[in-house]
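Text of upload-v1.txt (compact mmCIF, C-alpha atoms and all ligand atoms) as supplied:
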# COMPACT_ATOMS: atom_id res chain seq x y z
CA MET R 1 32.58 -29.79 0.33
CA SER R 2 29.91 -27.27 1.39
CA LEU R 3 28.55 -27.07 4.90
CA TRP R 4 24.77 -26.62 5.22
CA PHE R 5 22.71 -25.48 8.26
CA THR R 6 19.07 -26.44 8.62
CA GLU R 7 16.70 -24.71 11.04
CA LYS R 8 13.90 -27.14 11.86
CA GLN R 9 10.91 -24.77 11.78
CA THR R 10 8.62 -27.63 12.78
CA GLU R 11 9.40 -31.29 13.48
CA ASN R 12 8.68 -31.96 9.78
CA PHE R 13 9.86 -28.89 7.88
CA GLY R 14 12.93 -26.67 7.81
CA ILE R 15 14.99 -24.04 6.06
CA THR R 16 18.56 -24.74 4.89
CA ALA R 17 21.42 -22.32 4.19
CA LYS R 18 24.88 -22.89 2.75
CA ILE R 19 27.49 -21.91 5.37
CA ASN R 20 30.86 -20.54 4.23
CA LYS R 21 32.31 -20.47 7.77
CA THR R 22 31.47 -20.42 11.44
CA LEU R 23 32.56 -17.12 12.98
CA HIS R 24 31.74 -17.90 16.61
CA THR R 25 29.89 -20.55 18.56
CA GLU R 26 29.33 -20.93 22.30
CA GLN R 27 26.83 -22.04 24.89
CA THR R 28 26.09 -18.85 26.82
CA GLU R 29 24.42 -18.75 30.24
CA PHE R 30 21.06 -18.63 28.45
CA GLN R 31 21.25 -20.16 24.98
CA LYS R 32 23.40 -21.62 22.23
CA LEU R 33 24.85 -18.74 20.22
CA ASP R 34 26.16 -19.25 16.66
CA MET R 35 27.37 -16.55 14.32
CA VAL R 36 27.89 -17.93 10.80
CA GLU R 37 28.71 -16.52 7.38
CA THR R 38 26.16 -17.74 4.84
CA GLU R 39 26.48 -17.61 1.05
CA GLU R 40 23.00 -16.19 0.47
CA PHE R 41 22.20 -13.93 3.44
CA GLY R 42 25.60 -12.78 4.72
CA ASN R 43 26.39 -13.08 8.40
CA MET R 44 23.62 -14.78 10.36
CA LEU R 45 22.96 -14.88 14.12
CA LEU R 46 21.46 -18.12 15.42
CA LEU R 47 20.17 -18.69 18.96
CA ASP R 48 19.32 -22.25 19.95
CA ASP R 49 19.57 -23.12 16.24
CA MET R 50 16.94 -20.55 15.22
CA VAL R 51 17.63 -17.72 12.79
CA MET R 52 17.54 -14.42 14.66
CA THR R 53 18.78 -12.00 12.03
CA THR R 54 20.84 -11.86 8.84
CA GLU R 55 22.73 -9.04 7.16
CA LYS R 56 20.66 -9.37 3.98
CA ASP R 57 17.04 -9.37 5.22
CA GLU R 58 17.26 -7.84 8.74
CA PHE R 59 15.92 -4.46 7.61
CA VAL R 60 12.40 -5.82 7.07
CA TYR R 61 11.85 -6.92 10.65
CA HIS R 62 13.71 -4.05 12.33
CA GLU R 63 11.92 -1.35 10.30
CA MET R 64 8.48 -2.89 10.85
CA VAL R 65 8.91 -3.41 14.60
CA ALA R 66 10.08 0.19 15.05
CA HIS R 67 8.37 2.53 12.58
CA VAL R 68 4.78 1.36 12.90
CA PRO R 69 4.51 2.31 16.62
CA LEU R 70 6.89 5.28 16.35
CA PHE R 71 4.88 6.95 13.58
CA THR R 72 1.62 6.06 15.32
CA HIS R 73 2.66 7.88 18.51
CA PRO R 74 2.61 11.68 17.93
CA ASN R 75 5.75 12.39 19.98
CA PRO R 76 7.70 9.31 21.13
CA GLU R 77 10.52 10.38 23.46
CA HIS R 78 11.29 7.40 25.71
CA VAL R 79 11.41 3.98 24.09
CA LEU R 80 12.16 0.53 25.54
CA VAL R 81 13.33 -2.53 23.63
CA VAL R 82 13.01 -5.88 25.43
CA GLY R 83 15.50 -8.28 23.83
CA GLY R 84 16.86 -6.85 20.60
CA GLY R 85 20.49 -7.47 21.50
CA ASP R 86 21.50 -7.46 17.82
CA GLY R 87 20.87 -3.70 17.84
CA GLY R 88 18.73 -3.54 14.70
CA VAL R 89 15.62 -2.10 16.34
CA ILE R 90 17.72 0.50 18.18
CA ARG R 91 19.24 1.59 14.84
CA GLU R 92 15.75 2.22 13.47
CA ILE R 93 14.46 3.98 16.63
CA LEU R 94 17.30 6.52 16.40
CA LYS R 95 16.00 7.68 12.99
CA HIS R 96 13.22 9.48 14.90
CA PRO R 97 14.43 12.92 16.11
CA SER R 98 11.76 13.06 18.83
CA VAL R 99 13.37 10.12 20.66
CA LYS R 100 15.40 11.37 23.62
CA LYS R 101 16.27 7.99 25.13
CA ALA R 102 16.16 4.40 23.88
CA THR R 103 16.67 1.74 26.55
CA LEU R 104 17.58 -1.80 25.51
CA VAL R 105 17.28 -4.68 28.00
CA ASP R 106 18.63 -8.00 26.72
CA ILE R 107 19.19 -10.92 29.07
CA ASP R 108 22.31 -12.10 27.25
CA GLY R 109 25.30 -9.77 26.99
CA LYS R 110 27.02 -12.21 24.64
CA VAL R 111 24.41 -11.49 21.95
CA ILE R 112 25.26 -7.79 22.20
CA GLU R 113 29.02 -8.49 22.22
CA TYR R 114 29.06 -10.74 19.14
CA SER R 115 26.49 -8.69 17.24
CA LYS R 116 28.76 -5.65 17.63
CA LYS R 117 31.71 -7.74 16.37
CA TYR R 118 30.12 -9.58 13.45
CA LEU R 119 26.99 -7.55 12.57
CA PRO R 120 28.31 -3.96 12.48
CA THR R 121 25.64 -2.77 10.01
CA ILE R 122 22.96 -3.93 12.46
CA ALA R 123 24.53 -3.31 15.88
CA GLY R 124 26.46 -0.18 14.94
CA GLN R 125 24.25 2.31 16.83
CA LEU R 126 24.35 0.69 20.29
CA GLU R 127 27.01 3.19 21.41
CA ASP R 128 24.86 6.22 20.48
CA PRO R 129 24.55 8.70 23.41
CA ARG R 130 20.75 8.37 23.33
CA VAL R 131 21.01 4.60 23.92
CA ASP R 132 21.11 2.94 27.35
CA VAL R 133 22.09 -0.73 27.00
CA GLN R 134 21.28 -2.95 29.99
CA VAL R 135 21.94 -6.66 30.39
CA GLY R 136 19.02 -8.13 32.32
CA ASP R 137 15.68 -9.93 32.26
CA GLY R 138 13.11 -7.88 30.39
CA PHE R 139 10.36 -9.44 32.48
CA MET R 140 11.92 -8.03 35.67
CA HIS R 141 12.58 -4.67 34.02
CA ILE R 142 8.93 -4.36 33.05
CA ALA R 143 7.82 -5.49 36.52
CA LYS R 144 9.70 -2.59 38.13
CA SER R 145 8.70 0.06 35.55
CA GLU R 146 5.66 2.34 35.85
CA ASN R 147 4.44 5.16 33.59
CA ALA R 148 7.91 5.29 32.05
CA TYR R 149 7.77 4.72 28.30
CA ASP R 150 5.96 6.13 25.28
CA VAL R 151 6.69 3.03 23.19
CA ILE R 152 7.79 -0.50 24.17
CA MET R 153 8.99 -3.04 21.60
CA VAL R 154 9.36 -6.71 22.50
CA ASP R 155 12.04 -8.06 20.18
CA SER R 156 12.52 -11.40 21.92
CA THR R 157 13.28 -14.96 20.95
CA GLU R 158 10.54 -17.59 20.76
CA PRO R 159 8.55 -18.31 23.94
CA VAL R 160 11.04 -20.94 25.08
CA GLY R 161 13.97 -20.70 27.47
CA PRO R 162 14.63 -17.16 28.71
CA ALA R 163 11.74 -15.67 26.69
CA VAL R 164 9.01 -17.98 27.95
CA ASN R 165 7.57 -15.27 30.24
CA LEU R 166 7.49 -12.65 27.49
CA PHE R 167 4.34 -14.02 25.87
CA THR R 168 2.11 -14.13 28.96
CA LYS R 169 -0.92 -12.03 29.88
CA GLY R 170 0.91 -11.02 33.05
CA PHE R 171 3.76 -9.61 30.97
CA TYR R 172 1.37 -7.67 28.75
CA ALA R 173 -0.31 -6.27 31.90
CA GLY R 174 3.14 -5.23 33.11
CA ILE R 175 3.76 -3.51 29.79
CA TYR R 176 0.49 -1.59 30.19
CA LYS R 177 1.71 -0.35 33.59
CA ALA R 178 5.19 0.49 32.27
CA LEU R 179 3.74 2.61 29.46
CA LYS R 180 2.68 6.25 29.87
CA GLU R 181 -1.04 7.01 29.68
CA ASP R 182 -0.94 7.24 25.86
CA GLY R 183 1.70 4.57 25.26
CA ILE R 184 1.95 1.92 22.56
CA PHE R 185 3.62 -1.49 22.49
CA VAL R 186 4.48 -3.98 19.76
CA ALA R 187 5.65 -7.56 20.15
CA GLN R 188 6.87 -9.95 17.48
CA THR R 189 4.32 -12.79 17.51
CA ASP R 190 5.76 -15.37 15.13
CA ASN R 191 4.05 -16.86 12.06
CA PRO R 192 0.46 -17.96 11.27
CA TRP R 193 1.47 -21.16 9.43
CA PHE R 194 3.15 -22.94 12.35
CA LYS R 195 2.28 -20.78 15.41
CA ALA R 196 -1.40 -19.84 14.93
CA ASP R 197 -2.22 -20.50 18.60
CA LEU R 198 0.52 -18.14 19.78
CA ILE R 199 -0.92 -15.34 17.64
CA ALA R 200 -4.52 -16.01 18.68
CA ASN R 201 -3.59 -16.16 22.38
CA ALA R 202 -1.52 -12.98 22.22
CA GLN R 203 -4.34 -11.12 20.47
CA ARG R 204 -6.86 -12.33 23.06
CA ASP R 205 -4.62 -11.41 26.01
CA VAL R 206 -3.63 -7.99 24.63
CA ALA R 207 -7.24 -7.14 23.69
CA GLU R 208 -8.28 -7.80 27.30
CA ILE R 209 -5.75 -5.19 28.47
CA PHE R 210 -5.48 -2.52 25.73
CA PRO R 211 -8.37 -0.56 24.17
CA ILE R 212 -6.76 -0.79 20.74
CA THR R 213 -5.27 -4.12 19.57
CA ARG R 214 -4.05 -4.77 16.06
CA LEU R 215 -2.05 -7.37 14.11
CA TYR R 216 0.19 -6.59 11.17
CA THR R 217 2.55 -8.62 8.98
CA ALA R 218 5.77 -8.47 7.00
CA ASN R 219 7.65 -10.79 4.64
CA ILE R 220 10.85 -12.13 6.19
CA PRO R 221 12.42 -14.86 4.05
CA THR R 222 14.67 -16.35 6.75
CA TYR R 223 11.96 -16.61 9.41
CA PRO R 224 9.67 -19.65 9.68
CA SER R 225 7.15 -19.63 6.80
CA GLY R 226 8.36 -16.19 5.62
CA LEU R 227 5.16 -14.51 6.87
CA TRP R 228 5.80 -12.77 10.21
CA THR R 229 3.33 -11.07 12.55
CA PHE R 230 3.47 -8.22 15.02
CA THR R 231 0.91 -7.65 17.76
CA LEU R 232 0.28 -4.01 18.69
CA GLY R 233 -1.47 -2.76 21.83
CA SER R 234 -2.25 0.93 22.23
CA LYS R 235 -3.78 2.98 25.06
CA LYS R 236 -4.90 5.85 22.85
CA TYR R 237 -3.52 6.10 19.30
CA ASP R 238 -4.75 3.85 16.47
CA PRO R 239 -2.05 2.91 13.90
CA LEU R 240 -4.70 3.11 11.19
CA GLU R 241 -5.58 6.71 12.12
CA VAL R 242 -2.19 8.34 11.57
CA SER R 243 -2.43 11.71 9.81
CA GLU R 244 -0.46 12.28 6.58
CA GLU R 245 1.72 15.04 8.05
CA ARG R 246 2.94 12.72 10.83
CA PHE R 247 5.13 10.81 8.34
CA HIS R 248 8.43 12.70 8.33
CA GLU R 249 11.10 11.54 5.91
CA ILE R 250 13.37 8.71 7.12
CA GLU R 251 15.67 6.36 5.26
CA THR R 252 14.17 2.88 4.92
CA LYS R 253 14.33 -0.13 2.58
CA TYR R 254 11.02 -1.81 3.43
CA TYR R 255 8.74 0.45 5.53
CA THR R 256 6.72 3.15 3.73
CA LYS R 257 3.78 5.25 4.89
CA GLU R 258 1.58 3.26 2.46
CA LEU R 259 2.83 -0.02 3.88
CA HIS R 260 2.25 1.33 7.41
CA LYS R 261 -1.47 0.90 6.76
CA ALA R 262 -1.38 -1.94 4.20
CA ALA R 263 0.51 -4.20 6.64
CA PHE R 264 -2.68 -4.39 8.72
CA ALA R 265 -4.64 -5.87 5.79
CA LEU R 266 -4.58 -9.57 6.69
CA PRO R 267 -5.00 -12.72 4.60
CA LYS R 268 -8.34 -14.28 5.54
CA PHE R 269 -6.80 -17.30 7.31
CA VAL R 270 -4.83 -14.87 9.50
CA ALA R 271 -7.77 -12.54 10.15
CA ASP R 272 -9.79 -15.57 11.20
CA LEU R 273 -7.28 -16.15 14.03
CA LEU R 274 -8.45 -12.89 15.60
CA LYS R 275 -12.08 -13.93 15.85
N1 LIG I 301 14.13 -10.71 15.71
C1 LIG I 301 14.27 -11.97 16.43
C2 LIG I 301 12.97 -12.73 16.41
O1 LIG I 301 11.93 -12.17 16.03
O2 LIG I 301 13.00 -13.92 16.80
C3 LIG I 301 14.74 -11.68 17.82
C4 LIG I 301 16.18 -11.24 17.81
S1 LIG I 301 16.87 -10.71 19.33
C5 LIG I 301 18.50 -11.27 19.08
C6 LIG I 301 16.17 -11.80 20.54
C7 LIG I 301 16.78 -11.50 21.90
O3 LIG I 301 15.85 -11.76 22.96
C8 LIG I 301 18.02 -12.34 22.24
O4 LIG I 301 19.17 -11.52 22.20
C9 LIG I 301 17.75 -12.89 23.64
O5 LIG I 301 18.90 -12.86 24.48
C10 LIG I 301 16.67 -11.93 24.12
N2 LIG I 301 15.85 -12.41 25.25
C11 LIG I 301 15.26 -13.62 25.41
N3 LIG I 301 14.60 -13.67 26.58
C12 LIG I 301 14.78 -12.46 27.19
C13 LIG I 301 14.34 -11.88 28.42
N4 LIG I 301 13.59 -12.56 29.29
N5 LIG I 301 14.70 -10.60 28.70
C14 LIG I 301 15.47 -9.89 27.81
N6 LIG I 301 15.92 -10.38 26.64
C15 LIG I 301 15.57 -11.66 26.33
Could you render the structure from this file as structure tokens?
Amino acid sequence: MSLWFTEKQTENFGITAKINKTLHTEQTEFQKLDMVETEEFGNMLLLDDMVMTTEKDEFVYHEMVAHVPLFTHPNPEHVLVVGGGDGGVIREILKHPSVKKATLVDIDGKVIEYSKKYLPTIAGQLEDPRVDVQVGDGFMHIAKSENAYDVIMVDSTEPVGPAVNLFTKGFYAGIYKALKEDGIFVAQTDNPWFKADLIANAQRDVAEIFPITRLYTANIPTYPSGLWTFTLGSKKYDPLEVSEERFHEIETKYYTKELHKAAFALPKFVADLLK
């Protein structure tokens, strides 16, 4: 008899995966953590019954969060990841030789612990000497940072529970302060089918703080609706103005220099959210 897991993406719609076995499950200090082996997507990390990452499709999200800002900035050296305890974004950041230090601040050390154990292809770079892993609240870390980072990536859970503060105008203002004078930030901002208001609000808030604000998308089959968005705020560099020579060779499976620009071409119903 097969076991099936359904993530309710709205009250009326969900996504279902066949589960071969449960590898770990616990209620941490912050959220319900499940690590399961699925037939279709390999090992899957769930937090509060929401798909966070899977071995099969993780590369899409992690490459698109990391390489768009890192190729837009001419010389990213100090990078911060808020959340990201599965280690996937860190793995991508380290592909850039200019990066001297990548700091990760995730509120839940259990996510880091079990990602290292059950998602080695994703979390395998967290021990790299360039990486500083901290367990703490990203909101507080940003509040006490000033002129510190070239690029900040917010790889957080949904704006519920511990991440509720990570989608506020105050947080984006804190990010502006934590960035250097030519810094760039990107935040995952969910999907336009079920979370249009979140995207519209984030764009409005970021545009009131940053001179350059952009939205780009990627296809992530295990995330709600499959169409995912990323909100970018930049103090100086425009992701659509990156020169050809900036794109040094790196190993990817989704991101390309052509897609770097094409990802900003939005379906009309998504572009309309930005008006
Ligand atoms: N890629 C996923 C997505 O787009 O939904 C996110 C994956 S990552 C595992 C999300 C991480 O955000 C979790 O490990 C969670 O512990 C962390 N997180 C939530 N709130 C946080 C906060 N206030 N400070 C730092 N990390 C936080």
Notebook entry, point to check: So how far away is atom C4 of ligand LIG 301 (chain I) from atom CA of R:Gln9, in Å?
Noted result: 15.7 Å
Next item on the list: Compute the set of protein, DNA and RNA residues whose minimum atom distance to ligand LIG 301 (chain I) is at most 8 Å, using only C-alpha atoms and all ligand atoms, and state it as an MDAnalysis selection string.
Entry: chainID R and resid 30:31 45 47 50:53 61:62 82:86 105:109 111:112 135:140 155:158 161:166 188:190 223
Notebook entry, point to check: Of the residues R:Pro120, R:Pro76, R:Gly170, R:Pro221, which is the one nearest to R:Thr16, using only C-alpha atoms?
Noted result: R:Pro221
Note to self: Just checking: using all atoms listed in the file, which residue out of R:Thr10, R:Asn201, R:Thr222, R:Ser115 ends up closest to R:Glu58?
What the structure shows: R:Thr222
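Taking atom CA of R:Gly42 and atom CA of R:Ala66 as endpoints, the distance between them is 22.7 Å.
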Determine, counting all atoms listed in the file, which protein, DNA and RNA residues have an atom within 12 Å of an atom of R:Phe194; residues of the same chain fewer than 4 positions away are not included. Present the result as a PDB file with C-alpha atoms, in the coordinates of the input.
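Generated file (around-v2.pdb):
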ATOM      1  CA  LYS R   8      13.900 -27.140  11.860  1.00  0.00           C
ATOM      2  CA  GLN R   9      10.910 -24.770  11.780  1.00  0.00           C
ATOM      3  CA  THR R  10       8.620 -27.630  12.780  1.00  0.00           C
ATOM      4  CA  GLU R  11       9.400 -31.290  13.480  1.00  0.00           C
ATOM      5  CA  ASN R  12       8.680 -31.960   9.780  1.00  0.00           C
ATOM      6  CA  PHE R  13       9.860 -28.890   7.880  1.00  0.00           C
ATOM      7  CA  GLY R  14      12.930 -26.670   7.810  1.00  0.00           C
ATOM      8  CA  THR R 189       4.320 -12.790  17.510  1.00  0.00           C
ATOM      9  CA  ASP R 190       5.760 -15.370  15.130  1.00  0.00           C
ATOM     10  CA  LEU R 198       0.520 -18.140  19.780  1.00  0.00           C
ATOM     11  CA  ILE R 199      -0.920 -15.340  17.640  1.00  0.00           C
ATOM     12  CA  TYR R 223      11.960 -16.610   9.410  1.00  0.00           C
ATOM     13  CA  PRO R 224       9.670 -19.650   9.680  1.00  0.00           C
ATOM     14  CA  SER R 225       7.150 -19.630   6.800  1.00  0.00           C
ATOM     15  CA  GLY R 226       8.360 -16.190   5.620  1.00  0.00           C
ATOM     16  CA  LEU R 227       5.160 -14.510   6.870  1.00  0.00           C
ATOM     17  CA  TRP R 228       5.800 -12.770  10.210  1.00  0.00           C
ATOM     18  CA  THR R 229       3.330 -11.070  12.550  1.00  0.00           C
ATOM     19  CA  VAL R 270      -4.830 -14.870   9.500  1.00  0.00           C
TER      20      VAL R 270
END
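Interatomic distance, atom CA of R:Pro69 against atom CA of R:Phe247: 11.9 Å.
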Margin query: At a cut-off of 10 Å, using all atoms listed in the file, what residues contact stretch 244-246 of chain R? Leave out same-chain residues fewer than 6 positions from it and give the result as an MDAnalysis selection string.
Written below: chainID R and resid 71:75 257
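Proximity ranking of R:Glu249, R:Glu26, R:Asp272, R:Glu7 relative to R:Ala200 places R:Asp272 first, based on all atoms listed in the file.
Proximity ranking of R:Ile220, R:Leu274, R:Ile184, R:Ala202 relative to R:Asp238 places R:Ile184 first, based on all atoms listed in the file.
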Next item on the list: Write out as a ChimeraX atom specification which residues come within 8 Å of R:Glu55 when counting only C-alpha atoms, dropping same-chain ones fewer than 3 positions away.
Entry: /R:41-44,58,119,121-122
Item checked: Among listed residues R:Ile90, R:Val206, R:Tyr172, R:Val81, nearest R:Asp150 (using all atoms listed in the file) ->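 Of R:Ile90, R:Val206, R:Tyr172, R:Val81, the one nearest R:Asp150, counting all atoms listed in the file, is R:Val81.
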Next item on the list: For each of R:Thr217, R:Asn191, R:Ile175, R:Gly124, take the minimum atom-to-atom distance to R:Tyr255, counting only C-alpha atoms, then give the residue where this is smallest.
Entry: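 The closest residue to R:Tyr255 is R:Thr217.
If you count only C-alpha atoms and ignore residues fewer than 3 places along the chain from R:Phe269, what sits within 10 Å of it is Pro192, Trp193, Ala196, Leu266, Asp272, Leu273 and Leu274 of chain R.
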